[in-house]
file input04.txt (compact mmCIF, C-alpha atoms)
# COMPACT_ATOMS: atom_id res chain seq x y z
CA MET A 1 6.82 33.13 26.79
CA SER A 2 8.91 30.32 25.24
CA ASP A 3 7.57 27.74 27.71
CA ALA A 4 3.96 28.72 26.94
CA LEU A 5 4.54 28.45 23.19
CA ILE A 6 6.30 25.10 23.54
CA GLY A 7 3.31 23.86 25.53
CA LEU A 8 1.12 24.49 22.47
CA VAL A 9 3.09 22.09 20.25
CA PRO A 10 1.28 18.89 21.36
CA ILE A 11 -2.06 20.69 20.81
CA TYR A 12 -1.54 22.47 17.50
CA GLY A 13 1.35 20.41 16.15
CA PRO A 14 3.02 21.65 12.96
CA TRP A 15 0.85 24.77 12.73
CA ILE A 16 2.33 26.39 15.83
CA ILE A 17 5.85 25.51 14.65
CA PHE A 18 5.17 26.93 11.20
CA GLY A 19 3.58 30.09 12.60
CA ILE A 20 6.27 30.95 15.14
CA VAL A 21 9.14 30.30 12.71
CA ALA A 22 7.40 32.24 9.93
CA PHE A 23 6.68 35.28 12.09
CA GLU A 24 10.25 35.31 13.45
CA SER A 25 11.64 35.06 9.91
CA ALA A 26 9.45 37.98 8.84
CA GLY A 27 10.93 40.17 11.59
CA VAL A 28 8.79 39.51 14.69
CA PRO A 29 10.92 38.72 17.81
CA LEU A 30 9.71 35.17 18.54
CA PRO A 31 11.72 32.06 19.58
CA GLY A 32 11.66 30.20 16.27
CA GLU A 33 14.81 28.18 16.82
CA THR A 34 13.79 27.33 20.37
CA ILE A 35 10.43 25.99 19.20
CA LEU A 36 12.15 23.87 16.54
CA VAL A 37 14.65 22.32 18.97
CA ALA A 38 12.01 21.82 21.68
CA SER A 39 9.62 20.16 19.21
CA ALA A 40 12.37 17.85 17.99
CA LEU A 41 13.20 16.85 21.56
CA LEU A 42 9.50 16.30 22.24
CA SER A 43 9.36 14.02 19.22
CA ALA A 44 12.41 12.08 20.36
CA THR A 45 11.32 11.58 23.96
CA THR A 46 7.53 11.23 23.71
CA GLY A 47 6.64 10.54 20.10
CA LYS A 48 3.73 13.02 20.34
CA ILE A 49 4.75 14.59 17.04
CA ASN A 50 6.63 13.11 14.09
CA ILE A 51 10.13 14.52 13.56
CA VAL A 52 9.63 14.72 9.78
CA VAL A 53 6.53 16.85 10.37
CA VAL A 54 8.53 19.07 12.74
CA VAL A 55 11.30 19.63 10.19
CA LEU A 56 8.90 20.22 7.29
CA ALA A 57 6.85 22.73 9.31
CA ALA A 58 9.98 24.62 10.40
CA ALA A 59 11.46 24.67 6.88
CA ALA A 60 8.17 25.88 5.39
CA GLY A 61 7.83 28.57 8.06
CA ALA A 62 11.39 29.76 7.47
CA ILE A 63 10.93 29.97 3.70
CA VAL A 64 7.51 31.65 3.80
CA GLY A 65 8.47 34.06 6.60
CA ASP A 66 11.65 35.13 4.82
CA ALA A 67 9.69 35.63 1.60
CA VAL A 68 7.31 37.97 3.41
CA GLY A 69 10.23 39.81 5.02
CA TYR A 70 11.92 40.19 1.64
CA MET A 71 8.79 41.60 0.01
CA VAL A 72 8.26 44.05 2.89
CA GLY A 73 11.87 45.21 2.67
CA ARG A 74 11.70 45.46 -1.12
CA ARG A 75 8.51 47.51 -1.03
CA LEU A 76 9.29 49.84 1.87
CA GLY A 77 13.07 50.13 1.73
CA VAL A 78 15.83 51.18 4.14
CA ARG A 79 14.13 54.43 5.21
CA PHE A 80 11.18 52.47 6.59
CA LEU A 81 13.53 50.17 8.52
CA ARG A 82 15.42 53.13 9.96
CA ARG A 83 12.17 54.73 11.11
CA TYR A 84 10.38 51.69 12.53
CA GLY A 85 13.09 49.06 12.95
CA ARG A 86 13.51 49.84 16.65
CA TYR A 87 10.12 48.22 17.30
CA ILE A 88 11.53 44.84 16.21
CA ARG A 89 14.91 45.45 17.89
CA LEU A 90 16.53 46.57 14.63
CA ASP A 91 18.08 49.78 15.98
CA GLU A 92 20.34 52.16 14.07
CA ASP A 93 23.54 50.27 14.89
CA ARG A 94 22.13 46.86 13.95
CA LEU A 95 20.68 48.23 10.73
CA LEU A 96 24.04 49.72 9.79
CA ILE A 97 25.91 46.49 10.63
CA GLY A 98 23.32 44.42 8.82
CA ARG A 99 23.59 46.55 5.67
CA TYR A 100 27.38 46.33 5.82
CA LEU A 101 27.35 42.55 6.18
CA PHE A 102 24.80 42.30 3.39
CA PHE A 103 26.82 44.42 0.95
CA GLN A 104 29.98 42.48 1.79
CA TYR A 105 28.53 38.97 1.90
CA GLY A 106 24.99 39.19 0.50
CA ASN A 107 24.46 35.56 -0.51
CA ALA A 108 26.07 34.23 2.66
CA VAL A 109 23.99 36.58 4.84
CA VAL A 110 20.75 35.19 3.40
CA PHE A 111 21.88 31.56 3.73
CA PHE A 112 23.79 31.64 7.02
CA GLY A 113 21.64 34.39 8.53
CA ARG A 114 19.11 31.62 9.16
CA PHE A 115 21.60 30.06 11.62
CA ILE A 116 22.48 33.29 13.48
CA ALA A 117 20.08 34.68 16.07
CA VAL A 118 21.08 38.32 15.48
CA LEU A 119 20.51 38.09 11.72
CA ARG A 120 17.66 35.58 11.51
CA MET A 121 14.92 38.20 11.89
CA PHE A 122 16.55 40.81 9.66
CA ALA A 123 18.33 39.07 6.77
CA ALA A 124 15.26 38.89 4.52
CA LEU A 125 14.20 42.46 5.31
CA LEU A 126 17.69 43.72 4.45
CA ALA A 127 17.83 41.63 1.28
CA GLY A 128 14.60 43.24 0.09
CA ALA A 129 15.55 46.74 1.21
CA ASN A 130 18.87 46.47 -0.63
CA SER A 131 17.14 45.19 -3.81
CA MET A 132 18.78 41.77 -3.93
CA PRO A 133 17.60 40.03 -7.14
CA ALA A 134 14.56 37.89 -6.33
CA ALA A 135 15.82 34.71 -8.01
CA ARG A 136 19.11 34.84 -6.07
CA PHE A 137 17.33 35.61 -2.80
CA PHE A 138 14.85 32.76 -3.11
CA PHE A 139 17.58 30.26 -4.00
CA PHE A 140 19.56 31.03 -0.84
CA ASN A 141 16.38 31.47 1.18
CA ILE A 142 15.06 28.00 0.28
CA THR A 143 18.39 26.20 0.65
CA GLY A 144 19.13 27.99 3.92
CA GLY A 145 15.68 27.31 5.39
CA ILE A 146 15.82 23.61 4.56
CA SER A 147 19.40 23.22 5.81
CA TRP A 148 18.61 25.01 9.08
CA ALA A 149 15.46 22.98 9.76
CA CYS A 150 17.22 19.68 9.00
CA LEU A 151 20.34 20.47 11.02
CA PHE A 152 18.59 21.68 14.16
CA GLY A 153 15.53 19.45 13.85
CA PHE A 154 17.17 16.11 13.11
CA GLY A 155 20.20 17.04 15.20
CA ALA A 156 18.13 17.76 18.31
CA TYR A 157 16.06 14.63 17.64
CA ALA A 158 19.20 12.45 17.52
CA VAL A 159 20.61 13.96 20.69
CA GLY A 160 17.23 13.79 22.44
CA ALA A 161 16.71 10.15 21.56
CA LYS A 162 20.13 9.32 22.91
CA ILE A 163 19.39 11.11 26.19
CA TYR A 164 16.07 9.33 26.48
CA ARG A 165 17.68 5.89 26.00
CA ILE A 166 20.87 6.36 28.02
CA SER A 167 20.15 9.24 30.42
CA GLY A 168 23.90 9.58 30.94
CA THR A 169 26.15 12.54 31.64
CA LEU A 170 27.77 12.26 28.25
CA SER A 171 24.45 12.77 26.50
CA VAL A 172 23.68 15.87 28.55
CA ILE A 173 27.06 17.31 27.62
CA SER A 174 26.41 16.52 23.95
CA LEU A 175 23.09 18.36 24.10
CA GLY A 176 24.76 21.38 25.69
CA LEU A 177 27.43 21.46 23.01
CA PHE A 178 24.81 21.14 20.29
CA ILE A 179 22.80 24.09 21.57
CA ALA A 180 25.98 26.15 22.14
CA THR A 181 27.11 25.79 18.54
CA GLY A 182 23.80 27.21 17.36
CA TYR A 183 24.57 30.51 19.06
CA ALA A 184 28.37 30.70 18.62
CA LEU A 185 28.23 33.06 15.64
CA SER A 186 25.57 35.18 17.35
CA ILE A 187 27.87 35.72 20.33
CA PHE A 188 30.77 36.61 18.03
CA ILE A 189 28.72 39.29 16.28
CA ARG A 190 27.48 40.75 19.56
CA ARG A 191 31.02 40.97 20.94
CA ASN A 192 32.31 42.61 17.77
CA GLU A 193 29.45 45.03 17.18
CA VAL A 194 31.68 48.09 17.77
CA THR A 195 34.32 46.92 15.28
CA LEU A 196 31.70 45.97 12.71
CA ARG A 197 29.98 49.32 13.13
CA ARG A 198 33.23 51.22 12.46
CA ARG A 199 33.85 49.20 9.32
CA ALA A 200 30.26 49.79 8.23
CA GLU A 201 30.56 53.57 8.69
CA VAL A 202 33.58 53.60 6.38
CA ALA A 203 31.99 51.29 3.80
CA LEU A 204 28.56 53.00 3.87
CA PRO A 205 29.24 56.76 4.27
CA ASP A 206 25.77 57.53 2.86
CA HIS A 207 24.01 55.77 5.76
CA SER A 208 23.40 58.98 7.68
CA ARG A 209 21.54 60.33 4.68
CA GLY A 210 19.33 57.19 4.47

call {"tool": "encode", "arguments": {"input": "input04.txt", "output": "structure tokens"}}
result
Amino acid sequence: MSDALIGLVPIYGPWIIFGIVAFESAGVPLPGETILVASALLSATTGKINIVVVVLAAAAGAIVGDAVGYMVGRRLGVRFLRRYGRYIRLDEDRLLIGRYLFFQYGNAVVFFGRFIAVLRMFAALLAGANSMPAARFFFFNITGGISWACLFGFGAYAVGAKIYRISGTLSVISLGLFIATGYALSIFIRRNEVTLRRRAEVALPDHSRG
């Protein structure tokens, strides 16, 4: 599916980037980060789309999508997520862990959740469901969305341009390291899901009552 979506970038430009990132941010399992990095590399190697346009579209999609996710979570609450979350891969364990991380590190979850694959789809929903103040949410939502789009967009563009000019082994290694760092925290959370779940059960004893 990712390849097909990436193939639409030269045709629909910033709209496809905005749409995919926005839907992912609102809770739909789509490859938002992949489309951002791929579009930035396309810009660096072919010039078919301007990198500034790529970054702006991704940042706007992240901010708007998270806003929608927050409003849905705020309106429907935790019970709705427990009942229907499995359809967007937010199962009982992930919901519990997400609530725990939110209560412990609410501001950081909204900001850094943008950079973590496991949290990217759910941070805004959880912020709304847990009644995070709107002003605080939107501050960290906007700053996080812009930071994420700039880091991955301009970062991939810089690495891609280097590969295009040099085509050397060192550049390929640099690209691999760049992509790996984007998922490092995601891997950590996946590997520590059991530990995080145990801590969450102690911190949120009312979870079973929803």

call {"tool": "closest_residue", "arguments": {"input": "input04.txt", "among": "A:Val109, A:Leu42, A:Ile20, A:Ala123", "to": "Ala67 of chain A", "atoms": "all atoms listed in the file"}}
result
A:Ala123

call {"tool": "atom_distance", "arguments": {"input": "input04.txt", "atom1": "atom CA of Arg99 of chain A", "atom2": "atom CA of Phe138 of chain A"}}
result
18.5 Å

call {"tool": "closest_residue", "arguments": {"input": "input04.txt", "among": "A:Val202, A:Val28, A:Ala44, A:Ala108", "to": "Val68 of chain A", "atoms": "all atoms listed in the file"}}
result
A:Val28

call {"tool": "residues_around", "arguments": {"input": "input04.txt", "residues": "segment 145-156 of chain A", "least_positions_apart": "4", "cutoff": "6 Å", "atoms": "all atoms listed in the file", "output": "ChimeraX atom specification"}}
result
/A:37,40-41,55,58-59,62-63,141,160

call {"tool": "write_last_selection", "arguments": {"input": "input04.txt", "atoms": "C-alpha atoms", "output": "PDB file, in the frame of the given file"}}
result
ATOM      1  CA  VAL A  37      14.650  22.320  18.970  1.00  0.00           C
ATOM      2  CA  ALA A  40      12.370  17.850  17.990  1.00  0.00           C
ATOM      3  CA  LEU A  41      13.200  16.850  21.560  1.00  0.00           C
ATOM      4  CA  VAL A  55      11.300  19.630  10.190  1.00  0.00           C
ATOM      5  CA  ALA A  58       9.980  24.620  10.400  1.00  0.00           C
ATOM      6  CA  ALA A  59      11.460  24.670   6.880  1.00  0.00           C
ATOM      7  CA  ALA A  62      11.390  29.760   7.470  1.00  0.00           C
ATOM      8  CA  ILE A  63      10.930  29.970   3.700  1.00  0.00           C
ATOM      9  CA  ASN A 141      16.380  31.470   1.180  1.00  0.00           C
ATOM     10  CA  GLY A 160      17.230  13.790  22.440  1.00  0.00           C
TER      11      GLY A 160
END

call {"tool": "closest_residue", "arguments": {"input": "input04.txt", "among": "A:Val110, A:Ala158, A:Val64, A:Ile116", "to": "Ala26 of chain A", "atoms": "only C-alpha atoms"}}
result
A:Val64

call {"tool": "atom_distance", "arguments": {"input": "input04.txt", "atom1": "atom CA of Val53 of chain A", "atom2": "atom CA of Leu119 of chain A"}}
result
25.5 Å

call {"tool": "residues_around", "arguments": {"input": "input04.txt", "residues": "Phe139 of chain A", "least_positions_apart": "5", "cutoff": "10 Å", "atoms": "all atoms listed in the file", "output": "ChimeraX atom specification"}}
result
/A:107,110-111,134,144

call {"tool": "closest_residue", "arguments": {"input": "input04.txt", "among": "A:Ser39, A:Gln104, A:Thr143, A:Asn130", "to": "Val54 of chain A", "atoms": "only C-alpha atoms"}}
result
A:Ser39

call {"tool": "residues_near_point", "arguments": {"input": "input04.txt", "point": "(8.1, 46.9, 1.7)", "cutoff": "12 Å", "atoms": "only C-alpha atoms", "output": "MDAnalysis selection string"}}
result
chainID A and resid 26 67:81 124:131

call {"tool": "write_last_selection", "arguments": {"input": "input04.txt", "atoms": "C-alpha atoms", "output": "PDB file, in the coordinates of the input"}}
result
ATOM      1  CA  ALA A  26       9.450  37.980   8.840  1.00  0.00           C
ATOM      2  CA  ALA A  67       9.690  35.630   1.600  1.00  0.00           C
ATOM      3  CA  VAL A  68       7.310  37.970   3.410  1.00  0.00           C
ATOM      4  CA  GLY A  69      10.230  39.810   5.020  1.00  0.00           C
ATOM      5  CA  TYR A  70      11.920  40.190   1.640  1.00  0.00           C
ATOM      6  CA  MET A  71       8.790  41.600   0.010  1.00  0.00           C
ATOM      7  CA  VAL A  72       8.260  44.050   2.890  1.00  0.00           C
ATOM      8  CA  GLY A  73      11.870  45.210   2.670  1.00  0.00           C
ATOM      9  CA  ARG A  74      11.700  45.460  -1.120  1.00  0.00           C
ATOM     10  CA  ARG A  75       8.510  47.510  -1.030  1.00  0.00           C
ATOM     11  CA  LEU A  76       9.290  49.840   1.870  1.00  0.00           C
ATOM     12  CA  GLY A  77      13.070  50.130   1.730  1.00  0.00           C
ATOM     13  CA  VAL A  78      15.830  51.180   4.140  1.00  0.00           C
ATOM     14  CA  ARG A  79      14.130  54.430   5.210  1.00  0.00           C
ATOM     15  CA  PHE A  80      11.180  52.470   6.590  1.00  0.00           C
ATOM     16  CA  LEU A  81      13.530  50.170   8.520  1.00  0.00           C
ATOM     17  CA  ALA A 124      15.260  38.890   4.520  1.00  0.00           C
ATOM     18  CA  LEU A 125      14.200  42.460   5.310  1.00  0.00           C
ATOM     19  CA  LEU A 126      17.690  43.720   4.450  1.00  0.00           C
ATOM     20  CA  ALA A 127      17.830  41.630   1.280  1.00  0.00           C
ATOM     21  CA  GLY A 128      14.600  43.240   0.090  1.00  0.00           C
ATOM     22  CA  ALA A 129      15.550  46.740   1.210  1.00  0.00           C
ATOM     23  CA  ASN A 130      18.870  46.470  -0.630  1.00  0.00           C
ATOM     24  CA  SER A 131      17.140  45.190  -3.810  1.00  0.00           C
TER      25      SER A 131
END

call {"tool": "atom_distance", "arguments": {"input": "input04.txt", "atom1": "atom CA of Asn50 of chain A", "atom2": "atom CA of Asp66 of chain A"}}
result
24.4 Å

call {"tool": "closest_residue", "arguments": {"input": "input04.txt", "among": "A:Gly7, A:Gly113, A:Gly61, A:Gly47", "to": "Val21 of chain A", "atoms": "all atoms listed in the file"}}
result
A:Gly61
